[in-house]
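These notes concern the structure reproduced below.
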Amino acid sequence: MARRKSKFRRIREKYSIIVDGKCEKWYFQLLKKHENLQSVDIVPELLSRRKLKDVFSLVVEKIKEGYDKVIWVLDFDVLVKEDRETRKRGKKGKIQEFKEYVDRLRKHKNVFVLVNTPCLEFWYLLHFRRTGRYFGNCDKVIKCLKKVELLSDYEKSERYYKKASSDIYEKLKPFQNAAIKNAESLGDFDFNDCQRAKAEIYKVFEIIGVSTERNRV
């Protein structure tokens, strides 16, 4: 007798992760490769045009397409630079524009906006150092990051990130729990106090269901 098919099939959840840089895209591609996420389809996306309004429109589009969770990851140093430039021209600042978009997205419980201040590399630094130092730009973070022996040759290239012998996710994984604790201790991003070091990207692991328990000492 042929086996009856179950009426209930496990539905594969689909998550959209929208990033504003190639390094973030490579990082999430490697996360998807290394983690056992059988019930999750992670789609890291990077717009060729990275204007705030375009990214916001993409987030809204993914909500309408029915993604289970939509995650927007943003590096704040780029926004600060653009904010200065727009204000000089007498236009509305980019930080205010971003805040308005975030406020509009709050009603969507499946949307998560995560801010790294100043950039993704600060998250990497937290794997090796517990610090709340505010870095004015990403170059300063990278200079500090290269003092870590494991990442002394760090570079923002796909060749480096996806090196066959040891990609960046593999290098960082043993220190991931320390990084999560360090990032969590810094608290949430606050528009009323923007010049504070943050690495909200750590929240991704809980949002998409990545277990880090096996690495705990």
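A note on labels: chains of the structure tokens are A, B, ... as shown, every chain counts residues from 1, and ligands are counted from 1 in their shown order.
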
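By only C-alpha atoms, and with residues fewer than 6 positions from stretch 92-107 of chain A along its chain excluded, the set lying at most 10 Å from it is Lys51, Leu52, Lys53, Val55, Phe56, Ser57, Val59, Val60, Trp72, Phe76, Val78, Leu79, Val80, Lys81, Glu82, Asp83, Arg84, Glu85, Thr86, Val113, Phe191 and Cys194 of chain A.
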
Considering only C-alpha atoms, return as a tab-separated table (two decimals) with N, CA and C atoms, in the first residue's frame whatever protein or nucleic-acid residues lie within 10 Å of A:Glu200, sequence-local ones (same chain, fewer than 6 positions apart) excluded.
chain	number	residue	atom	x	y	z
A	73	VAL	N	19.88	46.07	7.20
A	73	VAL	CA	21.12	46.32	7.93
A	73	VAL	C	21.81	47.55	7.33
A	74	LEU	N	22.12	48.52	8.18
A	74	LEU	CA	22.67	49.79	7.70
A	74	LEU	C	23.91	50.19	8.48
A	113	VAL	N	15.11	46.66	11.64
A	113	VAL	CA	16.13	47.59	11.14
A	113	VAL	C	17.29	47.57	12.12
A	114	LEU	N	18.46	47.16	11.63
A	114	LEU	CA	19.64	46.98	12.48
A	114	LEU	C	20.73	47.95	12.04
A	115	VAL	N	21.27	48.68	13.00
A	115	VAL	CA	22.27	49.71	12.71
A	115	VAL	C	23.63	49.32	13.28
A	116	ASN	N	24.65	49.44	12.45
A	116	ASN	CA	26.03	49.29	12.91
A	116	ASN	C	26.68	50.67	12.93
A	117	THR	N	27.22	51.07	14.07
A	117	THR	CA	27.88	52.37	14.17
A	117	THR	C	29.34	52.15	14.58
A	120	LEU	N	30.22	47.61	9.66
A	120	LEU	CA	30.27	46.17	9.89
A	120	LEU	C	31.55	45.74	10.59
A	123	TRP	N	31.60	45.27	14.29
A	123	TRP	CA	31.08	43.98	14.73
A	123	TRP	C	32.21	42.95	14.76
A	180	ILE	N	28.66	38.56	20.44
A	180	ILE	CA	27.23	38.79	20.72
A	180	ILE	C	27.06	39.44	22.09
A	183	ALA	N	28.33	43.05	21.91
A	183	ALA	CA	27.42	43.91	21.16
A	183	ALA	C	26.14	44.18	21.96
A	184	GLU	N	25.65	43.15	22.61
A	184	GLU	CA	24.42	43.29	23.40
A	184	GLU	C	24.62	44.29	24.54
A	186	LEU	N	26.19	46.93	24.57
A	186	LEU	CA	26.20	48.32	24.08
A	186	LEU	C	24.79	48.89	23.93
A	187	GLY	N	23.78	48.02	24.00
A	187	GLY	CA	22.40	48.49	23.92
A	187	GLY	C	21.93	48.76	22.50
A	188	ASP	N	20.72	49.28	22.40
A	188	ASP	CA	20.11	49.54	21.10
A	188	ASP	C	20.47	50.92	20.56
A	189	PHE	N	20.41	51.04	19.25
A	189	PHE	CA	20.65	52.33	18.61
A	189	PHE	C	19.59	53.33	19.04

field: For A:Gln29, the nearest of the candidates A:Glu158, A:Asp153, A:Asp139, A:Glu121, counting only C-alpha atoms
entry: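 Comparing A:Glu158, A:Asp153, A:Asp139, A:Glu121 against A:Gln29, the winner is A:Glu158.
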
All strand (DSSP E or B) positions in stretch 48-135 of chain A, as number ranges by chain: A: 69-75, 111-117

Generate a file of the selected residues that holds all heavy atoms, formatted as an mmCIF file, in the first residue's frame.
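This is the output file out-v5.cif:
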data_model
loop_
_atom_site.group_PDB
_atom_site.id
_atom_site.type_symbol
_atom_site.label_atom_id
_atom_site.label_comp_id
_atom_site.auth_asym_id
_atom_site.auth_seq_id
_atom_site.Cartn_x
_atom_site.Cartn_y
_atom_site.Cartn_z
ATOM 1 N N LYS A 69 10.214 37.379 7.241
ATOM 2 C CA LYS A 69 10.941 38.421 7.971
ATOM 3 C C LYS A 69 11.791 39.230 6.984
ATOM 4 O O LYS A 69 12.392 38.672 6.071
ATOM 5 C CB LYS A 69 11.829 37.813 9.057
ATOM 6 C CG LYS A 69 11.030 37.166 10.178
ATOM 7 C CD LYS A 69 11.916 36.536 11.227
ATOM 8 C CE LYS A 69 11.070 35.852 12.302
ATOM 9 N NZ LYS A 69 11.900 35.192 13.332
ATOM 10 N N VAL A 70 11.806 40.535 7.202
ATOM 11 C CA VAL A 70 12.607 41.427 6.369
ATOM 12 C C VAL A 70 13.565 42.178 7.293
ATOM 13 O O VAL A 70 13.143 42.810 8.259
ATOM 14 C CB VAL A 70 11.721 42.437 5.606
ATOM 15 C CG1 VAL A 70 12.588 43.340 4.720
ATOM 16 C CG2 VAL A 70 10.679 41.702 4.761
ATOM 17 N N ILE A 71 14.847 42.073 6.982
ATOM 18 C CA ILE A 71 15.882 42.672 7.832
ATOM 19 C C ILE A 71 16.667 43.705 7.022
ATOM 20 O O ILE A 71 17.200 43.396 5.956
ATOM 21 C CB ILE A 71 16.843 41.592 8.364
ATOM 22 C CG1 ILE A 71 16.053 40.486 9.092
ATOM 23 C CG2 ILE A 71 17.886 42.204 9.299
ATOM 24 C CD1 ILE A 71 16.863 39.231 9.345
ATOM 25 N N TRP A 72 16.727 44.912 7.527
ATOM 26 C CA TRP A 72 17.469 45.994 6.872
ATOM 27 C C TRP A 72 18.685 46.302 7.738
ATOM 28 O O TRP A 72 18.549 46.729 8.879
ATOM 29 C CB TRP A 72 16.560 47.213 6.719
ATOM 30 C CG TRP A 72 17.190 48.429 6.094
ATOM 31 C CD1 TRP A 72 18.440 48.561 5.581
ATOM 32 C CD2 TRP A 72 16.567 49.717 5.915
ATOM 33 N NE1 TRP A 72 18.659 49.831 5.088
ATOM 34 C CE2 TRP A 72 17.519 50.554 5.277
ATOM 35 C CE3 TRP A 72 15.302 50.222 6.223
ATOM 36 C CZ2 TRP A 72 17.232 51.893 4.964
ATOM 37 C CZ3 TRP A 72 15.032 51.552 5.913
ATOM 38 C CH2 TRP A 72 15.984 52.372 5.281
ATOM 39 N N VAL A 73 19.880 46.073 7.202
ATOM 40 C CA VAL A 73 21.121 46.321 7.934
ATOM 41 C C VAL A 73 21.810 47.548 7.335
ATOM 42 O O VAL A 73 22.064 47.604 6.127
ATOM 43 C CB VAL A 73 22.068 45.104 7.853
ATOM 44 C CG1 VAL A 73 23.340 45.364 8.653
ATOM 45 C CG2 VAL A 73 21.371 43.849 8.373
ATOM 46 N N LEU A 74 22.119 48.518 8.184
ATOM 47 C CA LEU A 74 22.674 49.786 7.698
ATOM 48 C C LEU A 74 23.914 50.186 8.481
ATOM 49 O O LEU A 74 23.948 50.088 9.705
ATOM 50 C CB LEU A 74 21.600 50.876 7.813
ATOM 51 C CG LEU A 74 22.003 52.285 7.377
ATOM 52 C CD1 LEU A 74 20.881 52.936 6.564
ATOM 53 C CD2 LEU A 74 22.301 53.166 8.599
ATOM 54 N N ASP A 75 24.954 50.636 7.758
ATOM 55 C CA ASP A 75 26.159 51.191 8.379
ATOM 56 C C ASP A 75 25.961 52.687 8.565
ATOM 57 O O ASP A 75 25.715 53.414 7.589
ATOM 58 C CB ASP A 75 27.384 50.936 7.504
ATOM 59 C CG ASP A 75 27.898 49.506 7.628
ATOM 60 O OD1 ASP A 75 27.353 48.758 8.459
ATOM 61 O OD2 ASP A 75 28.831 49.147 6.894
ATOM 62 N N VAL A 111 9.485 43.188 10.479
ATOM 63 C CA VAL A 111 10.559 43.997 9.895
ATOM 64 C C VAL A 111 11.524 44.425 10.997
ATOM 65 O O VAL A 111 11.111 44.893 12.060
ATOM 66 C CB VAL A 111 9.995 45.247 9.187
ATOM 67 C CG1 VAL A 111 11.134 46.127 8.676
ATOM 68 C CG2 VAL A 111 9.094 44.843 8.027
ATOM 69 N N PHE A 112 12.821 44.257 10.724
ATOM 70 C CA PHE A 112 13.851 44.584 11.705
ATOM 71 C C PHE A 112 14.881 45.492 11.050
ATOM 72 O O PHE A 112 15.446 45.145 10.010
ATOM 73 C CB PHE A 112 14.529 43.307 12.205
ATOM 74 C CG PHE A 112 13.569 42.284 12.753
ATOM 75 C CD1 PHE A 112 12.935 41.386 11.893
ATOM 76 C CD2 PHE A 112 13.288 42.235 14.104
ATOM 77 C CE1 PHE A 112 12.044 40.442 12.382
ATOM 78 C CE2 PHE A 112 12.396 41.292 14.604
ATOM 79 C CZ PHE A 112 11.767 40.400 13.739
ATOM 80 N N VAL A 113 15.112 46.657 11.645
ATOM 81 C CA VAL A 113 16.125 47.591 11.144
ATOM 82 C C VAL A 113 17.292 47.568 12.118
ATOM 83 O O VAL A 113 17.146 47.908 13.295
ATOM 84 C CB VAL A 113 15.565 49.014 11.010
ATOM 85 C CG1 VAL A 113 16.633 49.947 10.434
ATOM 86 C CG2 VAL A 113 14.315 49.030 10.120
ATOM 87 N N LEU A 114 18.457 47.155 11.629
ATOM 88 C CA LEU A 114 19.636 46.984 12.475
ATOM 89 C C LEU A 114 20.733 47.950 12.040
ATOM 90 O O LEU A 114 21.093 48.011 10.865
ATOM 91 C CB LEU A 114 20.143 45.543 12.385
ATOM 92 C CG LEU A 114 19.097 44.435 12.620
ATOM 93 C CD1 LEU A 114 19.749 43.068 12.496
ATOM 94 C CD2 LEU A 114 18.413 44.600 13.966
ATOM 95 N N VAL A 115 21.271 48.680 13.001
ATOM 96 C CA VAL A 115 22.272 49.710 12.709
ATOM 97 C C VAL A 115 23.634 49.320 13.280
ATOM 98 O O VAL A 115 23.740 48.906 14.442
ATOM 99 C CB VAL A 115 21.851 51.071 13.303
ATOM 100 C CG1 VAL A 115 22.927 52.129 13.068
ATOM 101 C CG2 VAL A 115 20.512 51.525 12.705
ATOM 102 N N ASN A 116 24.653 49.440 12.452
ATOM 103 C CA ASN A 116 26.033 49.293 12.913
ATOM 104 C C ASN A 116 26.679 50.669 12.931
ATOM 105 O O ASN A 116 26.672 51.374 11.918
ATOM 106 C CB ASN A 116 26.834 48.384 11.972
ATOM 107 C CG ASN A 116 26.320 46.959 11.964
ATOM 108 O OD1 ASN A 116 25.964 46.409 12.993
ATOM 109 N ND2 ASN A 116 26.270 46.348 10.785
ATOM 110 N N THR A 117 27.218 51.067 14.068
ATOM 111 C CA THR A 117 27.881 52.366 14.174
ATOM 112 C C THR A 117 29.338 52.153 14.583
ATOM 113 O O THR A 117 29.601 51.698 15.696
ATOM 114 C CB THR A 117 27.188 53.249 15.228
ATOM 115 O OG1 THR A 117 25.804 53.365 14.926
ATOM 116 C CG2 THR A 117 27.795 54.637 15.265
#

task: Name the residues of stretch 123-153 of chain A that come out as alpha helix (DSSP H) in a backbone DSSP run; write them as a list in words.
output: Trp123, Tyr124, Leu125, Cys138, Asp139, Lys140, Val141, Ile142, Lys143, Cys144 and Leu145 of chain A

Got time to write the residues from that selection, C-alpha atoms, as a CSV table (one decimal), in the first residue's frame?
chain,number,residue,atom,x,y,z
A,123,TRP,CA,31.1,44.0,14.7
A,124,TYR,CA,34.2,42.0,13.7
A,125,LEU,CA,36.3,43.9,16.3
A,138,CYS,CA,35.2,52.9,9.3
A,139,ASP,CA,38.9,53.5,8.4
A,140,LYS,CA,39.7,53.9,12.1
A,141,VAL,CA,37.9,50.7,12.9
A,142,ILE,CA,39.8,48.8,10.2
A,143,LYS,CA,43.1,50.2,11.5
A,144,CYS,CA,42.3,48.8,14.9
A,145,LEU,CA,41.0,45.5,13.5

task: Can you work out the spacing between atom CA of A:Phe128 and atom CA of A:Val148 in Å, to one decimal?
output: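 Computing the Euclidean distance for atom CA of A:Phe128 and atom CA of A:Val148 yields 7.6 Å.
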
message: Restricting the calculation to only C-alpha atoms: of A:Lys162, A:Arg129, A:Lys64, A:Lys147, which residue gets closest to A:Phe28?
response: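 Ranking A:Lys162, A:Arg129, A:Lys64, A:Lys147 by distance to A:Phe28, first place goes to A:Lys162.
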
Test item: residues at most 7 Å from A:Ala179, only C-alpha atoms, excluding those fewer than 4 positions along its chain, as a PyMOL selection string: chain A and resi 126-127+175+183

- prompt: Do you have the atom CA of A:Gly209-atom CA of A:Lys163 distance handy?
  reply: 25.8 Å

message: Using only C-alpha atoms for the distances, tell me which of A:Thr131, A:Leu30, A:Ser157, A:Asn192 is nearest to A:Lys173.
response: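 Closest to A:Lys173, using only C-alpha atoms: A:Leu30.
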
message: So, with only C-alpha atoms as the atoms that count, which of A:Lys14, A:Arg133, A:Lys91, A:Lys171 lies closest to A:Lys62?
response: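 Closest candidate: A:Lys14.
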
- request: Could you check how far atom CA of A:Ile168 sits from atom CA of A:Glu155, in Å to one decimal?
  value: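 One can read the atom CA of A:Ile168 to atom CA of A:Glu155 distance as 10.5 Å.
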
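Distance annotation: of A:Glu35, A:Asp54, A:Glu45, A:Glu206, the residue with the minimal separation from A:Val19 is A:Glu45; atom set is only C-alpha atoms.
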